[in-house]
file coords07.csv (CSV, C-alpha atoms)
chain,number,residue,atom,x,y,z
K,16,MET,CA,203.0,103.6,189.7
K,17,PRO,CA,205.3,102.5,186.8
K,18,ASN,CA,203.5,104.8,184.4
K,19,GLN,CA,204.9,108.2,185.3
K,20,SER,CA,203.6,111.6,184.0
K,21,ARG,CA,207.1,112.8,183.1
K,22,PRO,CA,207.2,113.4,179.3
K,23,LYS,CA,208.8,110.4,177.6
K,24,VAL,CA,211.2,112.5,175.5
K,25,LYS,CA,212.7,114.2,178.6
K,26,LYS,CA,212.9,110.9,180.3
K,27,SER,CA,214.6,109.4,177.3
K,28,ARG,CA,217.2,112.2,177.3
K,29,ALA,CA,217.8,111.9,181.0
K,30,LEU,CA,218.4,108.2,180.8
K,31,GLY,CA,220.4,108.3,177.5
K,32,ILE,CA,218.0,105.9,175.6
K,33,ALA,CA,215.0,106.4,173.3
K,34,LEU,CA,212.0,104.9,175.1
K,35,THR,CA,209.5,105.5,172.3
K,36,PRO,CA,209.8,105.8,168.5
K,37,LYS,CA,208.7,109.4,168.8
K,38,ALA,CA,211.6,110.1,171.2
K,39,VAL,CA,214.2,108.8,168.7
K,40,LYS,CA,214.4,112.0,166.5
K,41,TYR,CA,214.4,114.3,169.6
K,42,PHE,CA,217.1,112.2,171.2
K,43,GLU,CA,219.3,112.3,168.1
K,44,ALA,CA,219.0,116.0,167.9
K,45,ARG,CA,219.7,116.5,171.6
K,46,PRO,CA,221.7,113.5,172.9
K,47,TYR,CA,222.2,115.1,176.4
K,48,PRO,CA,220.1,115.3,179.5
K,49,PRO,CA,217.3,117.9,179.6
K,50,GLY,CA,217.7,121.2,181.5
K,51,GLU,CA,220.1,124.2,181.3
K,52,HIS,CA,222.9,122.0,182.7
K,53,GLY,CA,222.3,119.1,180.5
K,54,ARG,CA,225.5,119.7,178.4
K,55,GLY,CA,227.6,120.4,181.4
K,56,ARG,CA,230.6,118.4,182.7
K,57,LYS,CA,229.5,115.1,184.1
K,58,GLN,CA,230.9,113.9,187.4
K,59,ASN,CA,229.5,110.4,188.0
K,60,SER,CA,230.2,108.4,191.1
K,61,ASP,CA,230.2,104.6,191.0
K,62,TYR,CA,226.8,104.7,192.8
K,63,LYS,CA,225.4,107.1,190.3
K,64,VAL,CA,226.5,105.0,187.3
K,65,ARG,CA,224.9,101.9,188.8
K,66,LEU,CA,221.7,103.8,189.8
K,67,LEU,CA,221.4,105.2,186.2
K,68,GLU,CA,221.7,101.7,184.7
K,69,LYS,CA,219.1,100.4,187.1
K,70,GLN,CA,216.7,103.3,186.1
K,71,ARG,CA,217.4,102.6,182.4
K,72,LEU,CA,216.4,99.0,182.8
K,73,ARG,CA,213.3,100.0,184.8
K,74,ALA,CA,212.2,102.5,182.1
K,75,GLN,CA,212.6,100.1,179.2
K,76,TYR,CA,210.2,97.6,180.8
K,77,ASP,CA,208.0,100.4,182.5
K,78,VAL,CA,208.2,98.5,185.9
K,79,SER,CA,208.1,99.8,189.4
K,80,GLU,CA,211.0,99.6,191.8
K,81,ARG,CA,209.2,96.9,193.7
K,82,GLN,CA,208.6,94.8,190.6
K,83,LEU,CA,212.3,95.1,189.6
K,84,VAL,CA,213.4,94.0,193.0
K,85,ARG,CA,211.2,91.0,192.9
K,86,ALA,CA,212.6,90.1,189.5
K,87,TYR,CA,216.1,90.5,190.8
K,88,GLU,CA,215.4,88.2,193.8
K,89,ARG,CA,214.1,85.5,191.5
K,90,ALA,CA,217.1,85.9,189.2
K,91,ALA,CA,219.5,85.6,192.1
K,92,LYS,CA,218.1,82.2,192.9
K,93,THR,CA,218.8,80.8,189.4
K,94,GLN,CA,222.0,79.2,188.2
K,95,GLY,CA,224.2,81.2,185.9
K,96,LYS,CA,224.7,84.9,185.7
K,97,THR,CA,222.2,86.9,187.8
K,98,GLY,CA,222.2,89.9,185.4
K,99,GLU,CA,221.3,87.8,182.4
K,100,ALA,CA,218.6,86.0,184.4
K,101,LEU,CA,217.2,89.3,185.5
K,102,VAL,CA,216.7,90.6,181.9
K,103,ILE,CA,215.2,87.3,180.9
K,104,GLU,CA,212.8,87.4,183.8
K,105,LEU,CA,211.6,90.9,182.7
K,106,GLU,CA,211.4,89.8,179.0
K,107,ARG,CA,209.0,87.1,179.9
K,108,ARG,CA,206.5,89.6,181.2
K,109,LEU,CA,203.3,89.6,179.1
K,110,ASP,CA,203.5,93.3,178.2
K,111,ALA,CA,207.1,93.0,177.1
K,112,LEU,CA,206.2,90.1,174.7
K,113,VAL,CA,203.2,91.9,173.3
K,114,LEU,CA,205.6,94.7,172.4
K,115,ARG,CA,208.2,92.4,170.9
K,116,SER,CA,205.5,90.6,168.8
K,117,GLY,CA,204.6,93.8,167.0
K,118,ILE,CA,201.1,94.0,168.4
K,119,ALA,CA,202.0,97.2,170.3
K,120,ARG,CA,204.2,100.1,169.3
K,121,THR,CA,205.6,100.9,172.7
K,122,ILE,CA,205.8,99.3,176.1
K,123,TYR,CA,203.3,101.8,177.4
K,124,GLN,CA,200.8,100.8,174.7
K,125,ALA,CA,201.4,97.1,175.4
K,126,ARG,CA,200.8,97.6,179.1
K,127,GLN,CA,197.5,99.5,178.4
K,128,MET,CA,196.3,96.7,176.0
K,129,VAL,CA,196.9,94.1,178.8
K,130,VAL,CA,195.3,96.2,181.6
K,131,HIS,CA,192.2,96.9,179.5
K,132,GLY,CA,191.6,93.2,179.0
K,133,HIS,CA,192.3,92.9,175.3
K,134,ILE,CA,194.8,90.1,175.6
K,135,GLU,CA,194.4,86.4,176.4
K,136,VAL,CA,196.9,83.6,177.2
K,137,ASN,CA,195.9,80.1,176.3
K,138,GLY,CA,192.3,81.1,175.8
K,139,LYS,CA,192.0,83.0,179.1
K,140,LYS,CA,191.9,86.7,179.6
K,141,VAL,CA,194.9,88.1,181.4
K,142,ASP,CA,194.9,91.7,182.6
K,143,LYS,CA,198.2,91.7,184.6
K,144,PRO,CA,201.2,93.1,182.6
K,145,SER,CA,203.5,91.3,185.0
K,146,PHE,CA,202.1,87.9,184.0
K,147,ARG,CA,205.1,85.6,183.3
K,148,VAL,CA,204.6,83.9,179.9
K,149,ARG,CA,206.0,80.4,179.7
K,150,PRO,CA,207.4,78.4,176.7
K,151,ASP,CA,204.6,77.1,174.5
K,152,ASP,CA,202.1,79.6,175.9
K,153,VAL,CA,199.9,81.1,173.1
K,154,VAL,CA,199.0,84.8,173.4
K,155,MET,CA,196.3,86.4,171.3
K,156,VAL,CA,194.2,89.5,171.1
K,157,ARG,CA,190.7,88.7,172.3
K,158,GLU,CA,188.0,88.2,169.6
K,159,ARG,CA,185.9,91.1,170.9
K,160,SER,CA,188.9,93.5,170.7
K,161,ARG,CA,190.3,92.7,167.2
K,162,GLU,CA,188.4,95.4,165.3
K,163,LYS,CA,189.7,98.2,167.5
K,164,HIS,CA,191.9,100.6,165.6
K,165,PRO,CA,195.3,99.8,167.3
K,166,PHE,CA,194.9,96.1,166.5
K,167,GLN,CA,193.9,96.8,162.9
K,168,VAL,CA,197.2,98.8,162.6
K,169,ALA,CA,199.1,95.9,164.2
K,170,ARG,CA,197.5,93.3,161.9
K,171,GLU,CA,198.8,95.3,158.9
K,172,GLY,CA,202.3,95.4,160.4
K,173,GLY,CA,202.1,99.0,161.4
K,174,TYR,CA,204.1,98.6,164.6
K,175,ASP,CA,206.4,95.9,163.3
K,176,THR,CA,209.0,98.3,161.9
K,177,GLU,CA,211.7,98.4,164.6
K,178,GLY,CA,213.7,95.4,163.5
K,179,GLU,CA,213.4,91.6,163.3
K,180,THR,CA,211.0,89.6,165.5
K,181,PRO,CA,213.0,87.9,168.2
K,182,ARG,CA,213.8,84.3,167.5
K,183,TYR,CA,212.1,83.1,170.7
K,184,LEU,CA,208.7,84.2,169.4
K,185,GLN,CA,206.6,82.6,166.7
K,186,VAL,CA,204.3,85.5,165.5
K,187,ASN,CA,201.3,85.6,163.3
K,188,LEU,CA,200.3,89.3,163.0
K,189,LYS,CA,197.3,88.6,160.7
K,190,ALA,CA,195.9,86.4,163.5
K,191,LEU,CA,197.1,88.9,166.2
K,192,ALA,CA,198.7,86.0,167.9
K,193,PHE,CA,202.1,84.7,169.0
K,194,ARG,CA,203.7,81.9,170.9
K,195,LEU,CA,206.8,81.9,173.2
K,196,ASP,CA,208.8,79.0,171.7
K,197,ARG,CA,211.4,79.0,174.4
K,198,ASP,CA,213.1,81.1,177.1
K,199,PRO,CA,215.0,84.0,175.5
K,200,ASN,CA,218.8,84.3,175.5
K,201,ARG,CA,220.1,87.6,176.8
K,202,LYS,CA,221.9,88.4,173.5
K,203,GLU,CA,218.6,88.1,171.7
K,204,ILE,CA,216.8,90.6,173.9
K,205,PRO,CA,216.8,94.2,172.4
K,206,VAL,CA,217.3,96.0,175.7
K,207,ILE,CA,220.1,98.5,176.2
K,208,CYS,CA,221.6,97.7,179.6
K,209,ASP,CA,224.7,96.7,181.4
K,210,GLU,CA,222.9,94.4,183.7
K,211,GLN,CA,226.0,93.6,185.7
K,212,LEU,CA,225.8,97.2,187.0
K,213,VAL,CA,222.2,96.6,188.1
K,214,VAL,CA,223.3,93.5,190.0
K,215,GLU,CA,226.1,95.5,191.7
K,216,PHE,CA,223.5,98.2,192.6
K,217,TYR,CA,221.3,95.6,194.4
K,218,ALA,CA,224.2,93.6,195.9
K,219,ARG,CA,225.9,96.6,197.5
call {"tool": "encode", "arguments": {"input": "coords07.csv", "output": "structure tokens"}}
result
Amino acid sequence: MPNQSRPKVKKSRALGIALTPKAVKYFEARPYPPGEHGRGRKQNSDYKVRLLEKQRLRAQYDVSERQLVRAYERAAKTQGKTGEALVIELERRLDALVLRSGIARTIYQARQMVVHGHIEVNGKKVDKPSFRVRPDDVVMVRERSREKHPFQVAREGGYDTEGETPRYLQVNLKALAFRLDRDPNRKEIPVICDEQLVVEFYAR
């Protein structure tokens, strides 16, 4: 399953990226992998570098290996750069856009909101985090869920503190709703990844 039991702080340090707001301060204090050998000399092979980059991308979207492979296969069929198309494929996932909109604080919380049936797309409940949102789709918190505490926090902008809302989204937090205006551009997506290394990992 994508949701792993490994503590997010340790996982963040192992991957070299902060996966949650809580992990940021710990990561800044200990910017090296966990364990007694975390600060030791690194000897990375080309394979290990590409593997790490693939794992970093997986972690930021909280997807399984199978889901990432499927996204890669779809991206490989598109015109243009496969790596950029891969990140855009992942960014169009429902849970990713719930996070970007400010309705959720982390990708893990966004995933839980979707799985528990709190989110609807174009008026219909969607409980699959992997649902691919299309341009002009309208995503909202369902009426029956809006008074739950996490959504009250979101309505007041409590999760919308990590930077500007991406330009490809039109967000109304008071209404707990957003619309995907268009497909994202890779440079607009706030994901830390050298996606070309991920392409090289799968193309080997």
call {"tool": "closest_residue", "arguments": {"input": "coords07.csv", "among": "K:Leu101, K:Lys25, K:Tyr123, K:Val156", "to": "Leu72 of chain K", "atoms": "all atoms listed in the file"}}
result
K:Leu101
call {"tool": "residues_around", "arguments": {"input": "coords07.csv", "residues": "Tyr62 of chain K", "least_positions_apart": "4", "cutoff": "9 Å", "atoms": "all atoms listed in the file", "output": "number ranges by chain"}}
result
K: 66-67, 216
call {"tool": "residues_near_point", "arguments": {"input": "coords07.csv", "point": "(208.5, 101.9, 180.2)", "cutoff": "7 Å", "atoms": "only C-alpha atoms", "output": "mmCIF file with C-alpha atoms, keeping the file's coordinate frame"}}
result
data_model
loop_
_atom_site.group_PDB
_atom_site.id
_atom_site.type_symbol
_atom_site.label_atom_id
_atom_site.label_comp_id
_atom_site.auth_asym_id
_atom_site.auth_seq_id
_atom_site.Cartn_x
_atom_site.Cartn_y
_atom_site.Cartn_z
ATOM 1 C CA LEU K 34 212.000 104.900 175.100
ATOM 2 C CA ARG K 73 213.300 100.000 184.800
ATOM 3 C CA ALA K 74 212.200 102.500 182.100
ATOM 4 C CA GLN K 75 212.600 100.100 179.200
ATOM 5 C CA TYR K 76 210.200 97.600 180.800
ATOM 6 C CA ASP K 77 208.000 100.400 182.500
ATOM 7 C CA VAL K 78 208.200 98.500 185.900
ATOM 8 C CA ILE K 122 205.800 99.300 176.100
ATOM 9 C CA TYR K 123 203.300 101.800 177.400
#
call {"tool": "residues_around", "arguments": {"input": "coords07.csv", "residues": "Lys96 of chain K", "least_positions_apart": "5", "cutoff": "10 Å", "atoms": "only C-alpha atoms", "output": "ChimeraX atom specification"}}
result
/K:90-91,101,210-211,214
call {"tool": "write_last_selection", "arguments": {"input": "coords07.csv", "atoms": "C-alpha atoms", "output": "CSV table (one decimal), keeping the file's coordinate frame"}}
result
chain,number,residue,atom,x,y,z
K,90,ALA,CA,217.1,85.9,189.2
K,91,ALA,CA,219.5,85.6,192.1
K,101,LEU,CA,217.2,89.3,185.5
K,210,GLU,CA,222.9,94.4,183.7
K,211,GLN,CA,226.0,93.6,185.7
K,214,VAL,CA,223.3,93.5,190.0
call {"tool": "closest_atom_pairs", "arguments": {"input": "coords07.csv", "of": "segment 150-181 of chain K", "to": "segment 128-144 of chain K", "cutoff": "12 Å", "atoms": "only C-alpha atoms", "output": "tab-separated table"}}
result
residue	atom	partner	partner_atom	distance
K:Pro150	CA	K:Asn137	CA	11.6
K:Asp151	CA	K:Asn137	CA	9.4
K:Asp152	CA	K:Asn137	CA	6.2
K:Val153	CA	K:Asn137	CA	5.2
K:Val154	CA	K:Val136	CA	4.5
K:Met155	CA	K:Glu135	CA	5.4
K:Val156	CA	K:Ile134	CA	4.6
K:Arg157	CA	K:His133	CA	5.4
K:Glu158	CA	K:His133	CA	8.5
K:Arg159	CA	K:His133	CA	8.0
K:Ser160	CA	K:His133	CA	5.8
K:Arg161	CA	K:His133	CA	8.3
K:Glu162	CA	K:His133	CA	11.0
K:Lys163	CA	K:His133	CA	9.8
K:His164	CA	K:Met128	CA	11.9
K:Pro165	CA	K:Met128	CA	9.3
K:Phe166	CA	K:Met128	CA	9.6
call {"tool": "atom_distance", "arguments": {"input": "coords07.csv", "atom1": "atom CA of Asp110 of chain K", "atom2": "atom CA of Ala86 of chain K"}}
result
14.9 Å
call {"tool": "residues_around", "arguments": {"input": "coords07.csv", "residues": "Val213 of chain K", "least_positions_apart": "4", "cutoff": "7 Å", "atoms": "only C-alpha atoms", "output": "list in words"}}
result
Arg65, Glu68, Lys69 and Tyr217 of chain K
call {"tool": "write_last_selection", "arguments": {"input": "coords07.csv", "atoms": "C-alpha atoms", "output": "PDB file, in the coordinates of the input"}}
result
ATOM      1  CA  ARG K  65     224.900 101.900 188.800  1.00  0.00           C
ATOM      2  CA  GLU K  68     221.700 101.700 184.700  1.00  0.00           C
ATOM      3  CA  LYS K  69     219.100 100.400 187.100  1.00  0.00           C
ATOM      4  CA  TYR K 217     221.300  95.600 194.400  1.00  0.00           C
TER       5      TYR K 217
END
call {"tool": "closest_residue", "arguments": {"input": "coords07.csv", "among": "K:Arg85, K:Lys189, K:Lys92, K:Arg194", "to": "Arg115 of chain K", "atoms": "all atoms listed in the file"}}
result
K:Arg194
call {"tool": "atom_distance", "arguments": {"input": "coords07.csv", "atom1": "atom CA of Phe146 of chain K", "atom2": "atom CA of Gly117 of chain K"}}
result
18.2 Å
call {"tool": "residues_near_point", "arguments": {"input": "coords07.csv", "point": "(220.6, 101.5, 180.2)", "cutoff": "7 Å", "atoms": "only C-alpha atoms", "output": "tab-separated table (two decimals) with C-alpha atoms, keeping the file's coordinate frame"}}
result
chain	number	residue	atom	x	y	z
K	32	ILE	CA	218.00	105.90	175.60
K	68	GLU	CA	221.70	101.70	184.70
K	71	ARG	CA	217.40	102.60	182.40
K	72	LEU	CA	216.40	99.00	182.80
K	207	ILE	CA	220.10	98.50	176.20
K	208	CYS	CA	221.60	97.70	179.60
K	209	ASP	CA	224.70	96.70	181.40
call {"tool": "atom_distance", "arguments": {"input": "coords07.csv", "atom1": "atom CA of Asn200 of chain K", "atom2": "atom CA of Arg182 of chain K"}}
result
9.4 Å
call {"tool": "residues_around", "arguments": {"input": "coords07.csv", "residues": "Ser116 of chain K", "least_positions_apart": "2", "cutoff": "7 Å", "atoms": "only C-alpha atoms", "output": "PDB file with C-alpha atoms, in the coordinates of the input"}}
result
ATOM      1  CA  LEU K 112     206.200  90.100 174.700  1.00  0.00           C
ATOM      2  CA  VAL K 113     203.200  91.900 173.300  1.00  0.00           C
ATOM      3  CA  LEU K 114     205.600  94.700 172.400  1.00  0.00           C
ATOM      4  CA  ILE K 118     201.100  94.000 168.400  1.00  0.00           C
ATOM      5  CA  THR K 180     211.000  89.600 165.500  1.00  0.00           C
ATOM      6  CA  VAL K 186     204.300  85.500 165.500  1.00  0.00           C
ATOM      7  CA  PHE K 193     202.100  84.700 169.000  1.00  0.00           C
TER       8      PHE K 193
END
